[in-house]
$ cat my_file_2.cif   # mmCIF, C-alpha atoms
data_structure
#
loop_
_atom_site.group_PDB
_atom_site.id
_atom_site.type_symbol
_atom_site.label_atom_id
_atom_site.label_comp_id
_atom_site.auth_asym_id
_atom_site.auth_seq_id
_atom_site.Cartn_x
_atom_site.Cartn_y
_atom_site.Cartn_z
ATOM 1 C CA MET A 11 -24.800 0.058 1.700
ATOM 2 C CA CYS A 12 -26.319 3.398 0.822
ATOM 3 C CA SER A 13 -23.418 5.773 0.365
ATOM 4 C CA SER A 14 -25.394 8.611 1.964
ATOM 5 C CA GLU A 15 -24.915 6.844 5.296
ATOM 6 C CA PHE A 16 -21.133 6.895 5.014
ATOM 7 C CA VAL A 17 -19.368 8.713 7.829
ATOM 8 C CA LEU A 18 -15.912 10.097 7.028
ATOM 9 C CA ASP A 19 -13.424 10.265 9.872
ATOM 10 C CA SER A 20 -13.167 13.848 11.140
ATOM 11 C CA VAL A 21 -9.354 13.988 10.865
ATOM 12 C CA LEU A 22 -9.419 12.810 7.253
ATOM 13 C CA GLU A 23 -12.124 15.373 6.557
ATOM 14 C CA GLN A 24 -10.073 18.146 8.113
ATOM 15 C CA ASP A 25 -6.784 17.220 6.417
ATOM 16 C CA SER A 26 -8.071 16.636 2.895
ATOM 17 C CA ILE A 27 -10.390 17.990 0.218
ATOM 18 C CA TYR A 28 -12.937 15.966 -1.741
ATOM 19 C CA ILE A 29 -12.152 15.673 -5.451
ATOM 20 C CA GLY A 30 -14.437 12.937 -6.761
ATOM 21 C CA ARG A 31 -15.780 9.461 -6.453
ATOM 22 C CA PHE A 32 -14.571 6.138 -7.803
ATOM 23 C CA GLU A 33 -16.744 3.038 -7.572
ATOM 24 C CA LEU A 34 -15.433 2.208 -4.099
ATOM 25 C CA CYS A 35 -13.480 5.197 -2.848
ATOM 26 C CA GLN A 36 -13.650 8.905 -2.434
ATOM 27 C CA LEU A 37 -10.670 10.533 -4.118
ATOM 28 C CA ARG A 38 -9.397 13.299 -1.848
ATOM 29 C CA ILE A 39 -6.297 15.475 -1.868
ATOM 30 C CA ILE A 40 -4.250 16.216 1.232
ATOM 31 C CA ASN A 41 -4.365 19.966 1.709
ATOM 32 C CA LYS A 42 -0.601 20.540 1.739
ATOM 33 C CA ASP A 43 1.113 21.779 -1.391
ATOM 34 C CA ALA A 44 4.548 20.303 -0.606
ATOM 35 C CA TRP A 45 3.540 17.133 -2.449
ATOM 36 C CA LEU A 46 0.752 16.035 -4.781
ATOM 37 C CA TRP A 47 -0.841 13.645 -2.315
ATOM 38 C CA PHE A 48 -4.066 11.753 -2.947
ATOM 39 C CA LEU A 49 -6.136 9.880 -0.418
ATOM 40 C CA LEU A 50 -8.427 7.002 -1.341
ATOM 41 C CA VAL A 51 -11.126 6.407 1.255
ATOM 42 C CA PRO A 52 -13.371 3.370 0.697
ATOM 43 C CA VAL A 53 -16.995 4.399 1.227
ATOM 44 C CA ARG A 54 -17.558 1.647 3.762
ATOM 45 C CA ASN A 55 -18.234 2.167 7.421
ATOM 46 C CA ASN A 56 -16.380 0.316 10.164
ATOM 47 C CA VAL A 57 -13.528 -0.940 7.981
ATOM 48 C CA THR A 58 -9.977 -0.639 9.300
ATOM 49 C CA GLU A 59 -7.973 -3.250 7.401
ATOM 50 C CA ILE A 60 -7.853 -4.215 3.725
ATOM 51 C CA LEU A 61 -8.593 -7.808 4.769
ATOM 52 C CA GLU A 62 -11.992 -6.679 6.064
ATOM 53 C CA LEU A 63 -13.084 -5.665 2.563
ATOM 54 C CA SER A 64 -14.961 -8.096 0.324
ATOM 55 C CA VAL A 65 -12.899 -9.582 -2.493
ATOM 56 C CA THR A 66 -14.851 -7.423 -4.968
ATOM 57 C CA ASP A 67 -14.029 -4.295 -2.989
ATOM 58 C CA ARG A 68 -10.367 -5.306 -2.753
ATOM 59 C CA TYR A 69 -10.146 -5.496 -6.535
ATOM 60 C CA TYR A 70 -11.911 -2.138 -6.835
ATOM 61 C CA LEU A 71 -9.368 -0.744 -4.394
ATOM 62 C CA MET A 72 -6.497 -2.048 -6.527
ATOM 63 C CA ASP A 73 -8.119 -0.578 -9.656
ATOM 64 C CA GLU A 74 -8.469 2.765 -7.891
ATOM 65 C CA ILE A 75 -4.898 2.749 -6.552
ATOM 66 C CA ASN A 76 -3.872 2.177 -10.160
ATOM 67 C CA ALA A 77 -6.130 4.964 -11.423
ATOM 68 C CA ALA A 78 -4.866 7.424 -8.809
ATOM 69 C CA SER A 79 -1.302 6.472 -9.774
ATOM 70 C CA LYS A 80 -2.129 7.168 -13.423
ATOM 71 C CA LEU A 81 -3.452 10.598 -12.464
ATOM 72 C CA LEU A 82 -0.205 11.390 -10.642
ATOM 73 C CA ASP A 83 1.784 10.084 -13.588
ATOM 74 C CA PHE A 84 -0.221 12.358 -15.899
ATOM 75 C CA PHE A 85 0.952 15.409 -13.930
ATOM 76 C CA GLY A 86 4.516 14.424 -14.880
ATOM 77 C CA SER A 87 7.840 15.092 -13.178
ATOM 78 C CA CYS A 88 7.197 12.454 -10.554
ATOM 79 C CA ASP A 89 10.164 10.229 -9.679
ATOM 80 C CA LYS A 90 8.309 7.677 -7.568
ATOM 81 C CA ILE A 91 4.793 6.962 -6.422
ATOM 82 C CA ASN A 92 4.427 6.072 -2.733
ATOM 83 C CA ILE A 93 1.428 3.991 -1.718
ATOM 84 C CA GLY A 94 0.550 3.319 1.897
ATOM 85 C CA ALA A 95 -2.246 2.082 4.127
ATOM 86 C CA LEU A 96 -1.100 2.716 7.689
ATOM 87 C CA GLY A 97 -3.942 3.790 9.975
ATOM 88 C CA ASN A 98 -2.030 3.754 13.250
ATOM 89 C CA ILE A 99 -3.639 7.058 14.220
ATOM 90 C CA VAL A 100 -6.783 7.281 12.048
ATOM 91 C CA LYS A 101 -8.358 3.836 12.040
ATOM 92 C CA GLN A 102 -10.810 4.309 9.157
ATOM 93 C CA LEU A 103 -9.307 2.548 6.137
ATOM 94 C CA HIS A 104 -7.596 5.016 3.817
ATOM 95 C CA VAL A 105 -4.843 4.623 1.241
ATOM 96 C CA HIS A 106 -2.257 7.289 0.487
ATOM 97 C CA VAL A 107 -1.078 7.662 -3.123
ATOM 98 C CA ILE A 108 1.671 10.270 -3.269
ATOM 99 C CA ALA A 109 3.848 11.712 -6.030
ATOM 100 C CA ARG A 110 7.430 11.939 -4.830
ATOM 101 C CA LYS A 111 10.279 13.873 -6.367
ATOM 102 C CA GLU A 112 13.943 13.489 -5.555
ATOM 103 C CA GLY A 113 14.804 16.185 -3.036
ATOM 104 C CA ASP A 114 11.209 16.909 -1.949
ATOM 105 C CA ALA A 115 10.366 17.381 1.738
ATOM 106 C CA GLY A 116 11.316 14.190 3.559
ATOM 107 C CA TRP A 117 12.989 12.530 0.564
ATOM 108 C CA PRO A 118 13.975 9.660 0.450
ATOM 109 C CA GLY A 119 12.020 8.859 3.615
ATOM 110 C CA PRO A 120 8.238 8.634 3.806
ATOM 111 C CA VAL A 121 6.135 11.804 4.012
ATOM 112 C CA TRP A 122 4.168 10.876 7.119
ATOM 113 C CA GLY A 123 5.225 13.023 10.026
ATOM 114 C CA VAL A 124 7.052 15.529 7.819
ATOM 115 C CA ASP A 125 5.800 19.061 8.401
ATOM 116 C CA ALA A 126 6.032 20.947 5.117
ATOM 117 C CA GLY A 127 3.921 22.900 2.676
ATOM 118 C CA ASN A 128 0.887 25.149 2.907
ATOM 119 C CA PRO A 129 -2.813 24.736 2.226
ATOM 120 C CA TYR A 130 -3.688 25.074 -1.444
ATOM 121 C CA GLN A 131 -4.796 28.418 -2.788
ATOM 122 C CA PRO A 132 -8.216 28.066 -4.508
ATOM 123 C CA GLN A 133 -6.774 28.616 -7.995
ATOM 124 C CA ALA A 134 -4.005 26.058 -7.444
ATOM 125 C CA LEU A 135 -6.575 23.516 -6.367
ATOM 126 C CA GLN A 136 -8.797 24.305 -9.348
ATOM 127 C CA ASP A 137 -5.812 23.856 -11.664
ATOM 128 C CA ILE A 138 -5.280 20.361 -10.242
ATOM 129 C CA VAL A 139 -8.938 19.450 -10.711
ATOM 130 C CA ASP A 140 -8.839 20.765 -14.280
ATOM 131 C CA ARG A 141 -5.787 18.629 -15.062
ATOM 132 C CA ILE A 142 -7.488 15.584 -13.566
ATOM 133 C CA LYS A 143 -10.469 16.239 -15.853
ATOM 134 C CA VAL A 144 -8.162 16.348 -18.874
ATOM 135 C CA CYS A 145 -6.530 13.083 -17.813
ATOM 136 C CA ILE A 146 -9.920 11.383 -17.366
ATOM 137 C CA SER A 147 -11.057 12.594 -20.787
ATOM 138 C CA GLN A 148 -7.966 10.984 -22.327
ATOM 139 C CA ASP A 149 -8.061 7.700 -20.397
ATOM 140 C CA PRO A 150 -11.465 5.961 -20.355
ATOM 141 C CA SER A 151 -10.118 3.316 -17.946
ATOM 142 C CA ILE A 152 -10.228 5.899 -15.119
ATOM 143 C CA HIS A 153 -13.772 5.722 -13.766
ATOM 144 C CA LEU A 154 -13.769 8.835 -11.610
ATOM 145 C CA GLU A 155 -16.832 11.009 -11.219
ATOM 146 C CA ILE A 156 -15.913 14.569 -10.308
ATOM 147 C CA ASN A 157 -18.563 16.490 -8.464
ATOM 148 C CA GLN A 158 -17.048 19.107 -6.243
ATOM 149 C CA ASP A 159 -20.433 20.088 -4.856
ATOM 150 C CA SER A 160 -20.789 16.741 -3.145
ATOM 151 C CA ASP A 161 -18.579 14.963 -0.682
ATOM 152 C CA GLN A 162 -20.205 11.560 -1.023
ATOM 153 C CA MET B 20 8.649 -14.927 -17.976
ATOM 154 C CA CYS B 21 10.575 -17.850 -16.534
ATOM 155 C CA SER B 22 10.925 -17.246 -12.826
ATOM 156 C CA SER B 23 14.460 -18.650 -12.868
ATOM 157 C CA GLU B 24 15.535 -15.473 -14.655
ATOM 158 C CA PHE B 25 14.252 -13.236 -11.873
ATOM 159 C CA VAL B 26 16.889 -11.006 -10.291
ATOM 160 C CA LEU B 27 16.202 -9.831 -6.742
ATOM 161 C CA ASP B 28 17.570 -6.434 -5.743
ATOM 162 C CA SER B 29 20.704 -6.896 -3.635
ATOM 163 C CA VAL B 30 19.480 -4.642 -0.795
ATOM 164 C CA LEU B 31 16.192 -6.557 -0.507
ATOM 165 C CA GLU B 32 18.156 -9.798 -0.526
ATOM 166 C CA GLN B 33 20.443 -8.563 2.228
ATOM 167 C CA ASP B 34 17.688 -7.164 4.454
ATOM 168 C CA SER B 35 15.213 -10.043 4.236
ATOM 169 C CA ILE B 36 14.915 -13.829 4.298
ATOM 170 C CA TYR B 37 12.987 -15.911 1.783
ATOM 171 C CA ILE B 38 9.970 -17.689 3.265
ATOM 172 C CA GLY B 39 7.944 -18.929 0.307
ATOM 173 C CA ARG B 40 6.300 -18.196 -2.977
ATOM 174 C CA PHE B 41 2.843 -16.962 -3.881
ATOM 175 C CA GLU B 42 1.637 -16.990 -7.477
ATOM 176 C CA LEU B 43 3.144 -13.539 -8.146
ATOM 177 C CA CYS B 44 5.385 -12.663 -5.229
ATOM 178 C CA GLN B 45 8.124 -13.993 -3.076
ATOM 179 C CA LEU B 46 7.123 -13.813 0.578
ATOM 180 C CA ARG B 47 10.137 -12.635 2.567
ATOM 181 C CA ILE B 48 10.601 -11.504 6.161
ATOM 182 C CA ILE B 49 12.652 -8.464 7.133
ATOM 183 C CA ASN B 50 15.450 -9.740 9.338
ATOM 184 C CA LYS B 51 14.725 -7.516 12.343
ATOM 185 C CA ASP B 52 12.816 -8.918 15.288
ATOM 186 C CA ALA B 53 11.388 -5.594 16.512
ATOM 187 C CA TRP B 54 8.328 -6.168 14.297
ATOM 188 C CA LEU B 55 6.830 -9.041 12.338
ATOM 189 C CA TRP B 56 7.471 -7.524 8.924
ATOM 190 C CA PHE B 57 6.774 -9.251 5.637
ATOM 191 C CA LEU B 58 7.943 -8.218 2.219
ATOM 192 C CA LEU B 59 6.115 -9.149 -0.982
ATOM 193 C CA VAL B 60 8.340 -8.988 -4.037
ATOM 194 C CA PRO B 61 6.646 -9.574 -7.394
ATOM 195 C CA VAL B 62 8.753 -11.993 -9.436
ATOM 196 C CA ARG B 63 8.907 -9.619 -12.371
ATOM 197 C CA ASN B 64 12.017 -7.893 -13.616
ATOM 198 C CA ASN B 65 12.197 -4.163 -14.334
ATOM 199 C CA VAL B 66 8.994 -3.233 -12.494
ATOM 200 C CA THR B 67 9.077 -0.193 -10.206
ATOM 201 C CA GLU B 68 5.446 0.924 -9.917
ATOM 202 C CA ILE B 69 2.211 -1.002 -9.361
ATOM 203 C CA LEU B 70 0.822 0.639 -12.501
ATOM 204 C CA GLU B 71 3.488 -1.171 -14.543
ATOM 205 C CA LEU B 72 2.011 -4.564 -13.614
ATOM 206 C CA SER B 73 -0.577 -6.252 -15.819
ATOM 207 C CA VAL B 74 -4.128 -6.150 -14.490
ATOM 208 C CA THR B 75 -3.885 -9.886 -13.713
ATOM 209 C CA ASP B 76 -0.709 -9.311 -11.700
ATOM 210 C CA ARG B 77 -2.286 -6.376 -9.864
ATOM 211 C CA TYR B 78 -5.126 -8.601 -8.687
ATOM 212 C CA TYR B 79 -2.635 -11.287 -7.667
ATOM 213 C CA LEU B 80 -0.773 -8.615 -5.719
ATOM 214 C CA MET B 81 -3.959 -7.602 -3.908
ATOM 215 C CA ASP B 82 -4.722 -11.282 -3.139
ATOM 216 C CA GLU B 83 -1.215 -11.708 -1.766
ATOM 217 C CA ILE B 84 -1.343 -8.508 0.321
ATOM 218 C CA ASN B 85 -4.546 -9.947 1.749
ATOM 219 C CA ALA B 86 -2.954 -13.352 2.362
ATOM 220 C CA ALA B 87 0.099 -11.833 4.054
ATOM 221 C CA SER B 88 -2.254 -9.751 6.229
ATOM 222 C CA LYS B 89 -4.118 -12.933 7.195
ATOM 223 C CA LEU B 90 -0.818 -14.550 8.196
ATOM 224 C CA LEU B 91 0.005 -11.581 10.445
ATOM 225 C CA ASP B 92 -3.504 -11.679 11.882
ATOM 226 C CA PHE B 93 -3.057 -15.385 12.642
ATOM 227 C CA PHE B 94 -0.053 -14.575 14.840
ATOM 228 C CA GLY B 95 -2.395 -12.508 17.012
ATOM 229 C CA SER B 96 -1.758 -9.496 19.231
ATOM 230 C CA CYS B 97 -1.468 -7.146 16.284
ATOM 231 C CA ASP B 98 -3.185 -3.777 16.658
ATOM 232 C CA LYS B 99 -2.797 -2.581 13.073
ATOM 233 C CA ILE B 100 -1.409 -3.825 9.800
ATOM 234 C CA ASN B 101 0.710 -1.329 7.852
ATOM 235 C CA ILE B 102 0.967 -1.782 4.092
ATOM 236 C CA GLY B 103 3.324 0.253 1.965
ATOM 237 C CA ALA B 104 4.910 0.371 -1.457
ATOM 238 C CA LEU B 105 7.466 3.178 -1.325
ATOM 239 C CA GLY B 106 10.619 2.372 -3.301
ATOM 240 C CA ASN B 107 12.313 5.751 -2.996
ATOM 241 C CA ILE B 108 15.616 4.006 -2.275
ATOM 242 C CA VAL B 109 15.192 0.471 -3.682
ATOM 243 C CA LYS B 110 13.414 0.831 -7.005
ATOM 244 C CA GLN B 111 12.435 -2.817 -7.557
ATOM 245 C CA LEU B 112 8.721 -3.085 -6.726
ATOM 246 C CA HIS B 113 8.201 -4.483 -3.234
ATOM 247 C CA VAL B 114 5.321 -4.195 -0.787
ATOM 248 C CA HIS B 115 5.751 -4.073 2.974
ATOM 249 C CA VAL B 116 3.103 -5.791 5.141
ATOM 250 C CA ILE B 117 3.876 -5.152 8.797
ATOM 251 C CA ALA B 118 2.231 -6.107 12.089
ATOM 252 C CA ARG B 119 2.155 -3.100 14.388
ATOM 253 C CA LYS B 120 1.469 -3.028 18.108
ATOM 254 C CA GLU B 121 0.699 0.034 20.172
ATOM 255 C CA GLY B 122 3.964 1.122 21.768
ATOM 256 C CA ASP B 123 6.262 -0.787 19.406
ATOM 257 C CA ALA B 124 9.398 0.854 18.007
ATOM 258 C CA GLY B 125 8.345 3.932 16.062
ATOM 259 C CA TRP B 126 4.656 3.768 17.081
ATOM 260 C CA PRO B 127 2.437 5.468 15.910
ATOM 261 C CA GLY B 128 4.724 6.560 13.094
ATOM 262 C CA PRO B 129 5.817 4.335 10.235
ATOM 263 C CA VAL B 130 8.655 1.826 10.735
ATOM 264 C CA TRP B 131 10.793 2.954 7.814
ATOM 265 C CA GLY B 132 13.934 4.630 9.079
ATOM 266 C CA VAL B 133 13.465 3.389 12.640
ATOM 267 C CA ASP B 134 16.528 1.540 13.876
ATOM 268 C CA ALA B 135 15.370 -1.191 16.243
ATOM 269 C CA GLY B 136 15.564 -4.925 16.778
ATOM 270 C CA ASN B 137 18.094 -7.630 16.023
ATOM 271 C CA PRO B 138 18.450 -10.297 13.350
ATOM 272 C CA TYR B 139 16.356 -13.388 14.067
ATOM 273 C CA GLN B 140 17.930 -16.318 15.839
ATOM 274 C CA PRO B 141 17.517 -19.496 13.756
ATOM 275 C CA GLN B 142 15.000 -21.042 16.163
ATOM 276 C CA ALA B 143 12.879 -17.867 16.282
ATOM 277 C CA LEU B 144 12.762 -17.819 12.501
ATOM 278 C CA GLN B 145 11.843 -21.498 12.366
ATOM 279 C CA ASP B 146 9.034 -20.893 14.861
ATOM 280 C CA ILE B 147 7.612 -18.221 12.561
ATOM 281 C CA VAL B 148 7.784 -20.532 9.549
ATOM 282 C CA ASP B 149 6.109 -23.316 11.547
ATOM 283 C CA ARG B 150 3.254 -20.990 12.539
ATOM 284 C CA ILE B 151 2.842 -19.879 8.934
ATOM 285 C CA LYS B 152 2.541 -23.558 7.954
ATOM 286 C CA VAL B 153 -0.189 -24.073 10.551
ATOM 287 C CA CYS B 154 -2.049 -21.012 9.267
ATOM 288 C CA ILE B 155 -1.827 -22.220 5.660
ATOM 289 C CA SER B 156 -3.102 -25.662 6.682
ATOM 290 C CA GLN B 157 -6.151 -24.021 8.258
ATOM 291 C CA ASP B 158 -6.889 -21.510 5.487
ATOM 292 C CA PRO B 159 -6.978 -23.007 1.975
ATOM 293 C CA SER B 160 -7.408 -19.512 0.484
ATOM 294 C CA ILE B 161 -3.726 -18.793 1.216
ATOM 295 C CA HIS B 162 -1.830 -20.142 -1.777
ATOM 296 C CA LEU B 163 1.700 -19.990 -0.416
ATOM 297 C CA GLU B 164 4.286 -22.599 -1.276
ATOM 298 C CA ILE B 165 6.962 -22.836 1.380
ATOM 299 C CA ASN B 166 10.283 -24.117 0.206
ATOM 300 C CA GLN B 167 13.095 -22.738 2.285
ATOM 301 C CA ASP B 168 15.710 -24.421 0.103
ATOM 302 C CA SER B 169 14.807 -22.205 -2.836
ATOM 303 C CA ASP B 170 14.725 -18.481 -3.190
ATOM 304 C CA GLN B 171 12.765 -18.436 -6.418
#

$ encode --input "my_file_2.cif" --output "structure tokens"
Amino acid sequence: MCSSEFVLDSVLEQDSIYIGRFELCQLRIINKDAWLWFLLVPVRNNVTEILELSVTDRYYLMDEINAASKLLDFFGSCDKINIGALGNIVKQLHVHVIARKEGDAGWPGPVWGVDAGNPYQPQALQDIVDRIKVCISQDPSIHLEINQDSDQ
Amino acid sequence: MCSSEFVLDSVLEQDSIYIGRFELCQLRIINKDAWLWFLLVPVRNNVTEILELSVTDRYYLMDEINAASKLLDFFGSCDKINIGALGNIVKQLHVHVIARKEGDAGWPGPVWGVDAGNPYQPQALQDIVDRIKVCISQDPSIHLEINQDSDQ
């Protein structure tokens, strides 16, 4: 599939900001600063469930969940990583990878449905991207291409 | 690691019932009949995050998430499968794989923290196990060994 044909769900587009591209997924960040909250969106149209992916894509997805977890771990001071593929409201397959800290908004429950935080200020967002770049430069197993001018 | 040495978290043991064993994980069912809710517990001690698994185990975990999803799909009448690895309360790595229906308890939110349903009656539980056996017999890609006399 040519990735230029990929159509991102409008709610995911509105709620998150494009950071970069793994082999399978867009790496996006939920635009709420209460948590460091990544979104992995497989660049595949008409896929709702993990079991609809090819076996190759499923292994890419696991690799990219692992890579996103490593990025969160690199930021430090994270007590637990939460991973979830729900999709009850937005059907397009997407996987949440979220850094949780004891006492954060919603702790110890899940973050979905918790109203907290504000949109990132541009400098705060740039600081996150810069730290991701440092992490990638130190860990060659993270195959993330950062191109903030593109959203594909 | 010899699987006989595996120690299951006491809360997971209390909340769920052993169904069978994949290569990596125990397949368990949460003992609440409001949802069909599986739990995958990797038979590895002292693992909290997916990124602590070996790459081989991560791919097994993805295969087993896929297999558990296929089992739920086989039961039919499921609108969405929810997959989550949270662990904010119980640290031992465990992955939830849950059949969701529009209008079920908590819909369209997540199920965690929703108080609904009752423990399974023995016959209802046996019916589920029998259907899982039928599904396995029809899909040789699901490598689940059912042995209700063991919890290892």

$ closest_atom_pairs --input "my_file_2.cif" --of "chain A" --to "chain B" --cutoff "8 Å" --atoms "all atoms listed in the file" --output "Markdown table"
| residue | atom | partner | partner_atom | distance |
| --- | --- | --- | --- | --- |
| A:Glu59 | CA | B:Ile100 | CA | 7.0 |
| A:Ile60 | CA | B:Asn85 | CA | 6.9 |
| A:Leu61 | CA | B:Asn85 | CA | 5.5 |
| A:Arg68 | CA | B:Met81 | CA | 6.9 |
| A:Tyr69 | CA | B:Tyr78 | CA | 6.3 |
| A:Met72 | CA | B:Met81 | CA | 6.6 |
| A:Asn76 | CA | B:Leu70 | CA | 5.5 |
| A:Ser79 | CA | B:Leu70 | CA | 6.8 |
| A:Lys80 | CA | B:Leu70 | CA | 7.2 |
| A:Lys90 | CA | B:Asn107 | CA | 6.4 |
| A:Ile91 | CA | B:Leu105 | CA | 6.9 |
| A:Asn92 | CA | B:Leu105 | CA | 4.4 |
| A:Ile93 | CA | B:Ala104 | CA | 5.0 |
| A:Gly94 | CA | B:Gly103 | CA | 4.1 |
| A:Ala95 | CA | B:Ile102 | CA | 5.0 |
| A:Leu96 | CA | B:Asn101 | CA | 4.4 |
| A:Gly97 | CA | B:Lys99 | CA | 7.2 |
| A:Asn98 | CA | B:Pro127 | CA | 5.5 |
| A:Ile99 | CA | B:Pro127 | CA | 6.5 |
| A:Trp117 | CA | B:Asn107 | CA | 7.7 |
| A:Pro118 | CA | B:Asn107 | CA | 5.5 |
| A:Gly119 | CA | B:Gly132 | CA | 7.2 |
| A:Pro120 | CA | B:Trp131 | CA | 7.4 |
| A:Trp122 | CA | B:Gly128 | CA | 7.4 |
| A:Gly123 | CA | B:Gly128 | CA | 7.2 |

$ write_last_selection --input "my_file_2.cif" --atoms "C-alpha atoms" --output "PDB file, in the frame of the given file"
ATOM      1  CA  GLU A  59      -7.973  -3.250   7.401  1.00  0.00           C
ATOM      2  CA  ILE A  60      -7.853  -4.215   3.725  1.00  0.00           C
ATOM      3  CA  LEU A  61      -8.593  -7.808   4.769  1.00  0.00           C
ATOM      4  CA  ARG A  68     -10.367  -5.306  -2.753  1.00  0.00           C
ATOM      5  CA  TYR A  69     -10.146  -5.496  -6.535  1.00  0.00           C
ATOM      6  CA  MET A  72      -6.497  -2.048  -6.527  1.00  0.00           C
ATOM      7  CA  ASN A  76      -3.872   2.177 -10.160  1.00  0.00           C
ATOM      8  CA  SER A  79      -1.302   6.472  -9.774  1.00  0.00           C
ATOM      9  CA  LYS A  80      -2.129   7.168 -13.423  1.00  0.00           C
ATOM     10  CA  LYS A  90       8.309   7.677  -7.568  1.00  0.00           C
ATOM     11  CA  ILE A  91       4.793   6.962  -6.422  1.00  0.00           C
ATOM     12  CA  ASN A  92       4.427   6.072  -2.733  1.00  0.00           C
ATOM     13  CA  ILE A  93       1.428   3.991  -1.718  1.00  0.00           C
ATOM     14  CA  GLY A  94       0.550   3.319   1.897  1.00  0.00           C
ATOM     15  CA  ALA A  95      -2.246   2.082   4.127  1.00  0.00           C
ATOM     16  CA  LEU A  96      -1.100   2.716   7.689  1.00  0.00           C
ATOM     17  CA  GLY A  97      -3.942   3.790   9.975  1.00  0.00           C
ATOM     18  CA  ASN A  98      -2.030   3.754  13.250  1.00  0.00           C
ATOM     19  CA  ILE A  99      -3.639   7.058  14.220  1.00  0.00           C
ATOM     20  CA  TRP A 117      12.989  12.530   0.564  1.00  0.00           C
ATOM     21  CA  PRO A 118      13.975   9.660   0.450  1.00  0.00           C
ATOM     22  CA  GLY A 119      12.020   8.859   3.615  1.00  0.00           C
ATOM     23  CA  PRO A 120       8.238   8.634   3.806  1.00  0.00           C
ATOM     24  CA  TRP A 122       4.168  10.876   7.119  1.00  0.00           C
ATOM     25  CA  GLY A 123       5.225  13.023  10.026  1.00  0.00           C
TER      26      GLY A 123
END

$ resolve_selection --input "my_file_2.cif" --expression "the PyMOL selection byres ((chain A and resi 44) around 8)" --output "JSON, numbers by chain"
{"A": [42, 43, 45, 46, 114, 115, 126, 127, 128]}

$ axis_aligned_box --input "my_file_2.cif" --around "segment 53-72 of chain A" --padding-each-side "3 Å" --output "AutoDock Vina command-line options"
--center_x -12.4 --center_y -2.6 --center_z 1.7 --size_x 17.7 --size_y 20.0 --size_z 23.0

$ closest_residue --input "my_file_2.cif" --among "A:Gly113, A:Ile39, A:Val124, A:Asp25" --to "Ile142 of chain A" --atoms "only C-alpha atoms"
A:Ile39

$ atom_distance --input "my_file_2.cif" --atom1 "atom CA of Leu31 of chain B" --atom2 "atom CA of Leu59 of chain B"
10.4 Å

$ resolve_selection --input "my_file_2.cif" --expression "the PyMOL selection byres ((chain A and resi 145) around 12)" --output "list in words"
Ala77, Ala78, Ser79, Lys80, Leu81, Leu82, Asp83, Phe84, Phe85, Gly86, Ile138, Val139, Asp140, Arg141, Ile142, Lys143, Val144, Ile146, Ser147, Gln148, Asp149, Pro150, Ser151, Ile152, His153 and Leu154 of chain A

$ atom_distance --input "my_file_2.cif" --atom1 "atom CA of Gln36 of chain A" --atom2 "atom CA of Glu23 of chain A"
11.2 Å

$ residues_near_point --input "my_file_2.cif" --point "(-14.8, 12.2, -9.7)" --cutoff "6 Å" --atoms "all atoms listed in the file" --output "PyMOL selection string"
chain A and resi 30-31+154-157

$ atom_distance --input "my_file_2.cif" --atom1 "atom CA of Asn65 of chain B" --atom2 "atom CA of Ala118 of chain B"
28.3 Å

$ closest_residue --input "my_file_2.cif" --among "B:Leu43, B:Ile36, B:Asp146, B:Pro141" --to "Ser73 of chain B" --atoms "all atoms listed in the file"
B:Leu43

$ closest_residue --input "my_file_2.cif" --among "B:Ser29, B:Asp134, B:Gln140, B:Pro61" --to "His113 of chain B" --atoms "all atoms listed in the file"
B:Pro61
